[in-house]
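Peer 1: Below is a structure I'd like to ask you about.
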Number of protein chains: 2
Amino acid sequence: MSAAFDFPAWQQAQRARVEQALSDWTPPHAPGGLGEAMRYAVLGGGKRLRALLALAACEAVGGHAGAALRAACALECIHAYSLVHDDMPCMDNDVLRRGQPTVHVKFGEAQALLAGDALQTLAFELLTPDEEQGMDGAMQARLVALLARAAGALGMAGGQAVDLASVGVQLTEPQLREMHRLKTGALLRAAPLMGAACAAGVSVKALEALGDYGDAIGLAFQVIDDVLDVTGSDAALGKTAGKDAAAGKPTYVSLLGLDAARALADELHAKALAALAASGLPDTRALAALAAATVHRDH
Amino acid sequence: MSAAFDFPAWQQAQRARVEQALSDWTPPHAPGGLGEAMRYAVLGGGKRLRALLALAACEAVGGHAGAALRAACALECIHAYSLVHDDMPCMDNDVLRRGQPTVHVKFGEAQALLAGDALQTLAFELLTPDEEQGMDGAMQARLVALLARAAGALGMAGGQAVDLASVGVQLTEPQLREMHRLKTGALLRAAPLMGAACAAGVSVKALEALGDYGDAIGLAFQVIDDVLDVTGSDAALGKTAGKDAAAGKPTYVSLLGLDAARALADELHAKALAALAASGLPDTRALAALAAATVHRDH
């Protein structure tokens, strides 16, 4: 930990690796125009927070870099699929994502449905390669298990079902927290754990700490999302600001007010840092910087 | 191979195992009503052909029965998810499936979208259990790899994209065959290979033969589907007969005529049996009976 840690440089380099790998691994030649729609969905930029969390955690435990890159891209495939489906007319009916037409606007609803489906599948393909030396079956299976549990009915998909059922309903703060724990939290918690699963012999203490860190980041991410929905502009967000409030969806801001929501985000930031300190891992600077970036982002 | 093989009894017993396992493993308590929609989609009956192929192949190679049951259920989850999404208004817009309202008719489009998504994820969860003794990481990873490649952009999902793009288009027989090789064939080929992956040390010759068998079954299944679309009744099929023809979709019957389509199915049946004979596996009676049942079915 002697040399200064240059987070912007680290972030830029890791994002470039992820973009390149996603481009390499998302088949342009998939038939019927499907590859084109998948690539549009997954290569459209974004913060790559889930990918960076996995890569940073893998670095912290000294894990298999090639496996972590696959885990990072698998997380982004799952995230991208959820956005494609979430934007569809029968869900949020959003026409703009990161300042660009959403997938169903550009390619039609049927192709968007298939592109989301195939991106989910691709995530699990990426985790079970033939050719990644040193990424044995046990590691592959552990990564699949972590991702599938986080993405499925008792994770992200379940959270989206709760979200659907909660439009126009006055949720309590614990109910709202539970919804977000599933909808966005499960994948953000899985990300550092998948990074850690790219090494053998990580201590239970470190894994528990990384889980706590992921929980805090996951919730902080959502609280800040709700704050930005109120305070951000369409241009900065690349999507329609104020839409959650307009849709009658419960948010941390509507429930707690703006100041208390910001205070909650700061508290969660502190929790994330405390978890890293408790992990016993020697170098968690990238993970710490990602926590700060999550809370202090403006889009 | 001395005792007579009672296929109806075998089929009934295996179907019952699969139904029970799917019921045990599809979470009723998934939040937001999602579990209910998933269970409606996956427990609605059906032939369970993919599951039976996996179970029969596992028996033929003397593999891990618990792993094969998971593989069988994972295949059925993928198949069920594809039907749920395929029935949606932006795809085939079907209101009836196995004589019952389709998932989106019963639960709404948004819930159907999520239920399909979560059923896909569940497939990969089922293949990566903590608690299945003797199903090691390498076996889990191999099963995930086979299923993901069969279901993804270069398999089932890709085939559906080709299907979308081919409405109203006059395909040649090779183009039609390629579409079905992906859309239904990939999963039907993967099924016996997944069953075989539940044992270690299966010969390359046997794996290749099971792949050839799966290819023949997969195509025969589709040819018979097209025949039944013309000759079957709504009641027997549990869905709207004649809908492919009405939708302007190319079929084997529209391309070859009814007699030549039936002759092709018989030829593929013979190919499947020849592959089993070439496999060197001692007891392939269940696989042989499944080939016959695929070609001689009336729904």
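Letters A, B, ... mark the chains of the structure tokens in the order given; residue numbers begin at 1 per chain; ligand numbers begin at 1, in order shown.
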According to DSSP computed on the backbone, where in region 24-256 of chain B is there strand (DSSP E or B)? Give the residues as an mmCIF file with N, CA and C atoms, in the first residue's frame.
Peer 2:
```cif
data_model
loop_
_atom_site.group_PDB
_atom_site.id
_atom_site.type_symbol
_atom_site.label_atom_id
_atom_site.label_comp_id
_atom_site.auth_asym_id
_atom_site.auth_seq_id
_atom_site.Cartn_x
_atom_site.Cartn_y
_atom_site.Cartn_z
ATOM 1 N N LEU B 96 -53.638 -19.307 -25.543
ATOM 2 C CA LEU B 96 -53.922 -20.653 -25.062
ATOM 3 C C LEU B 96 -52.655 -21.499 -25.163
ATOM 4 N N ARG B 97 -52.370 -22.229 -24.112
ATOM 5 C CA ARG B 97 -51.199 -23.123 -24.094
ATOM 6 C C ARG B 97 -51.595 -24.337 -23.272
ATOM 7 N N GLN B 100 -54.864 -24.091 -21.520
ATOM 8 C CA GLN B 100 -55.047 -23.134 -20.427
ATOM 9 C C GLN B 100 -54.641 -21.737 -20.904
ATOM 10 N N PRO B 101 -55.164 -20.696 -20.232
ATOM 11 C CA PRO B 101 -54.714 -19.332 -20.572
ATOM 12 C C PRO B 101 -53.192 -19.229 -20.433
#
```
Peer 1: Output as CSV one row per residue of region 181-285 of chain A within 8 Å of region 160-166 of chain A: the closest atom pair and its distance in Å to one decimal place, counting only C-alpha atoms, sorted by chain and residue number ascending.
Peer 2:
```
residue,atom,partner,partner_atom,distance
A:Leu182,CA,A:Gln160,CA,7.9
A:Lys183,CA,A:Gln160,CA,5.6
A:Lys249,CA,A:Ser166,CA,7.0
A:Pro250,CA,A:Ser166,CA,7.6
```
Peer 1: Take the residues just selected and output them with C-alpha atoms as a CSV table (one decimal), in the first residue's frame.
Peer 2:
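So the final result, stored in out.csv, reads:
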```csv
chain,number,residue,atom,x,y,z
A,182,LEU,CA,-33.6,-7.6,-4.0
A,183,LYS,CA,-34.0,-5.5,-7.1
A,249,LYS,CA,-43.3,4.8,-7.2
A,250,PRO,CA,-42.1,5.0,-3.6
```
Peer 1: Near chain B, which residues of chain A fall within 8 Å when you count only C-alpha atoms, and what do they look like as a ChimeraX atom specification?
Peer 2: /A:27,30-35,85,90-91,109-111,113-114,117-122,124-125,128-129,136-142,144-145,148-149,151-154,157-165
Peer 1: Would you put the residues from that selection into a file with N, CA and C atoms, as a CSV table (one decimal), in the first residue's frame?
Peer 2:
```csv
chain,number,residue,atom,x,y,z
A,27,PRO,N,-21.7,-12.1,-29.4
A,27,PRO,CA,-21.5,-12.5,-30.8
A,27,PRO,C,-22.2,-11.6,-31.8
A,30,ALA,N,-24.6,-13.5,-34.2
A,30,ALA,CA,-25.8,-14.2,-33.8
A,30,ALA,C,-26.9,-13.9,-34.8
A,31,PRO,N,-27.7,-15.0,-35.2
A,31,PRO,CA,-28.5,-14.9,-36.3
A,31,PRO,C,-29.8,-14.0,-36.1
A,32,GLY,N,-30.4,-13.7,-37.2
A,32,GLY,CA,-31.7,-12.9,-37.2
A,32,GLY,C,-31.6,-11.5,-36.6
A,33,GLY,N,-30.4,-10.9,-36.6
A,33,GLY,CA,-30.2,-9.6,-36.1
A,33,GLY,C,-30.1,-9.6,-34.6
A,34,LEU,N,-30.1,-10.7,-34.0
A,34,LEU,CA,-30.0,-10.8,-32.5
A,34,LEU,C,-28.7,-10.3,-31.9
A,35,GLY,N,-27.6,-10.6,-32.6
A,35,GLY,CA,-26.3,-10.1,-32.1
A,35,GLY,C,-26.2,-8.6,-32.1
A,85,HIS,N,-35.3,-5.4,-20.5
A,85,HIS,CA,-36.7,-5.9,-20.2
A,85,HIS,C,-37.4,-4.8,-19.4
A,90,CYS,N,-44.4,-3.0,-21.5
A,90,CYS,CA,-45.2,-3.7,-20.5
A,90,CYS,C,-44.6,-3.5,-19.1
A,91,MET,N,-43.4,-2.9,-19.0
A,91,MET,CA,-42.8,-2.6,-17.7
A,91,MET,C,-42.8,-1.1,-17.5
A,109,GLU,N,-40.1,-4.6,-30.1
A,109,GLU,CA,-40.3,-5.3,-28.8
A,109,GLU,C,-39.9,-6.8,-28.8
A,110,ALA,N,-40.2,-7.5,-29.9
A,110,ALA,CA,-39.8,-8.9,-29.9
A,110,ALA,C,-38.3,-9.1,-29.9
A,111,GLN,N,-37.6,-8.3,-30.7
A,111,GLN,CA,-36.2,-8.4,-30.7
A,111,GLN,C,-35.6,-8.0,-29.3
A,113,LEU,N,-37.1,-8.4,-26.4
A,113,LEU,CA,-37.3,-9.5,-25.5
A,113,LEU,C,-36.3,-10.6,-25.7
A,114,LEU,N,-36.0,-10.9,-27.0
A,114,LEU,CA,-35.0,-12.0,-27.2
A,114,LEU,C,-33.6,-11.5,-26.8
A,117,ASP,N,-33.2,-11.9,-23.2
A,117,ASP,CA,-33.1,-13.3,-22.9
A,117,ASP,C,-31.7,-13.9,-23.2
A,118,ALA,N,-31.2,-13.5,-24.3
A,118,ALA,CA,-29.9,-14.1,-24.8
A,118,ALA,C,-28.8,-13.5,-24.0
A,119,LEU,N,-28.9,-12.2,-23.5
A,119,LEU,CA,-27.9,-11.7,-22.7
A,119,LEU,C,-27.8,-12.4,-21.3
A,120,GLN,N,-29.0,-12.7,-20.8
A,120,GLN,CA,-29.0,-13.5,-19.6
A,120,GLN,C,-28.2,-14.8,-19.8
A,121,THR,N,-28.5,-15.5,-20.9
A,121,THR,CA,-27.9,-16.8,-21.1
A,121,THR,C,-26.4,-16.6,-21.3
A,122,LEU,N,-26.0,-15.5,-22.0
A,122,LEU,CA,-24.6,-15.2,-22.3
A,122,LEU,C,-23.8,-15.1,-21.0
A,124,PHE,N,-24.1,-16.8,-18.3
A,124,PHE,CA,-23.8,-18.1,-17.8
A,124,PHE,C,-22.8,-18.8,-18.7
A,125,GLU,N,-22.9,-18.5,-20.0
A,125,GLU,CA,-21.9,-19.0,-21.0
A,125,GLU,C,-20.5,-18.5,-20.6
A,128,THR,N,-18.6,-20.3,-17.9
A,128,THR,CA,-18.2,-21.7,-18.1
A,128,THR,C,-17.5,-21.9,-19.4
A,129,PRO,N,-16.3,-21.3,-19.5
A,129,PRO,CA,-15.5,-21.4,-20.7
A,129,PRO,C,-14.7,-22.7,-20.8
A,136,ASP,N,-11.0,-23.5,-12.9
A,136,ASP,CA,-11.5,-24.9,-12.9
A,136,ASP,C,-13.0,-24.9,-12.7
A,137,GLY,N,-13.5,-26.2,-12.9
A,137,GLY,CA,-14.9,-26.4,-12.8
A,137,GLY,C,-15.5,-25.9,-11.5
A,138,ALA,N,-14.8,-26.1,-10.4
A,138,ALA,CA,-15.3,-25.7,-9.1
A,138,ALA,C,-15.5,-24.1,-9.0
A,139,MET,N,-14.5,-23.4,-9.6
A,139,MET,CA,-14.6,-22.0,-9.6
A,139,MET,C,-15.8,-21.5,-10.5
A,140,GLN,N,-15.9,-22.2,-11.6
A,140,GLN,CA,-17.0,-21.8,-12.6
A,140,GLN,C,-18.3,-22.0,-11.9
A,141,ALA,N,-18.5,-23.2,-11.3
A,141,ALA,CA,-19.7,-23.5,-10.6
A,141,ALA,C,-20.1,-22.5,-9.5
A,142,ARG,N,-19.0,-22.1,-8.7
A,142,ARG,CA,-19.3,-21.2,-7.6
A,142,ARG,C,-19.7,-19.8,-8.2
A,144,VAL,N,-21.3,-19.3,-11.1
A,144,VAL,CA,-22.7,-19.5,-11.6
A,144,VAL,C,-23.7,-19.4,-10.4
A,145,ALA,N,-23.3,-20.2,-9.4
A,145,ALA,CA,-24.2,-20.2,-8.2
A,145,ALA,C,-24.5,-18.8,-7.6
A,148,ALA,N,-26.6,-16.7,-10.3
A,148,ALA,CA,-27.9,-17.2,-10.5
A,148,ALA,C,-28.8,-16.8,-9.3
A,149,ARG,N,-28.2,-17.0,-8.1
A,149,ARG,CA,-29.0,-16.7,-6.9
A,149,ARG,C,-29.3,-15.2,-6.8
A,151,ALA,N,-29.6,-13.1,-9.3
A,151,ALA,CA,-30.4,-12.6,-10.4
A,151,ALA,C,-31.8,-13.1,-10.4
A,152,GLY,N,-32.0,-14.2,-9.6
A,152,GLY,CA,-33.3,-14.9,-9.8
A,152,GLY,C,-34.5,-14.5,-9.0
A,153,ALA,N,-35.4,-15.4,-8.8
A,153,ALA,CA,-36.7,-15.1,-8.2
A,153,ALA,C,-36.5,-14.6,-6.7
A,154,LEU,N,-35.5,-15.0,-6.1
A,154,LEU,CA,-35.3,-14.5,-4.7
A,154,LEU,C,-34.2,-13.5,-4.7
A,157,ALA,N,-34.9,-10.5,-9.9
A,157,ALA,CA,-36.2,-10.7,-10.6
A,157,ALA,C,-37.3,-10.6,-9.6
A,158,GLY,N,-37.1,-11.2,-8.4
A,158,GLY,CA,-38.1,-11.0,-7.3
A,158,GLY,C,-38.3,-9.6,-6.9
A,159,GLY,N,-37.2,-8.8,-6.8
A,159,GLY,CA,-37.3,-7.4,-6.5
A,159,GLY,C,-38.1,-6.6,-7.5
A,160,GLN,N,-37.9,-7.0,-8.8
A,160,GLN,CA,-38.7,-6.3,-9.8
A,160,GLN,C,-40.2,-6.7,-9.7
A,161,ALA,N,-40.5,-7.9,-9.3
A,161,ALA,CA,-41.9,-8.2,-9.1
A,161,ALA,C,-42.5,-7.4,-8.0
A,162,VAL,N,-41.7,-7.2,-6.9
A,162,VAL,CA,-42.2,-6.4,-5.8
A,162,VAL,C,-42.4,-5.0,-6.2
A,163,ASP,N,-41.4,-4.5,-7.1
A,163,ASP,CA,-41.5,-3.1,-7.6
A,163,ASP,C,-42.8,-2.9,-8.4
A,164,LEU,N,-43.1,-3.9,-9.3
A,164,LEU,CA,-44.4,-3.9,-10.0
A,164,LEU,C,-45.6,-3.8,-9.1
A,165,ALA,N,-45.6,-4.6,-8.1
A,165,ALA,CA,-46.7,-4.7,-7.2
A,165,ALA,C,-46.8,-3.4,-6.3
```
Peer 1: Can you tell me, as a PyMOL selection string, what residues are no more than 8 Å from Val253 (chain A) when counting only C-alpha atoms, ignoring any on the same chain fewer than 5 positions away?
Peer 2: chain A and resi 223+226-227+230+258+260-261
Peer 1: Please report, as number ranges by chain, each residue of region 24-216 of chain A to which DSSP assigns helix (DSSP H, G or I) when run on this structure's backbone.
Peer 2: A: 24-25, 31-42, 49-61, 65-86, 103-107, 109-126, 137-151, 156-165, 173-196, 204-216
Peer 1: With distances taken over only C-alpha atoms, which of A:Ala41, A:Ala291, A:Leu53, A:Val103 is nearest to Cys77 (chain A)?
Peer 2: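 So, comparing all the options, the nearest one is A:Ala41.
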Peer 1: Separation of CA of His64 (chain A) and CA of Cys198 (chain B), in Å?
Peer 2: 27.4 Å
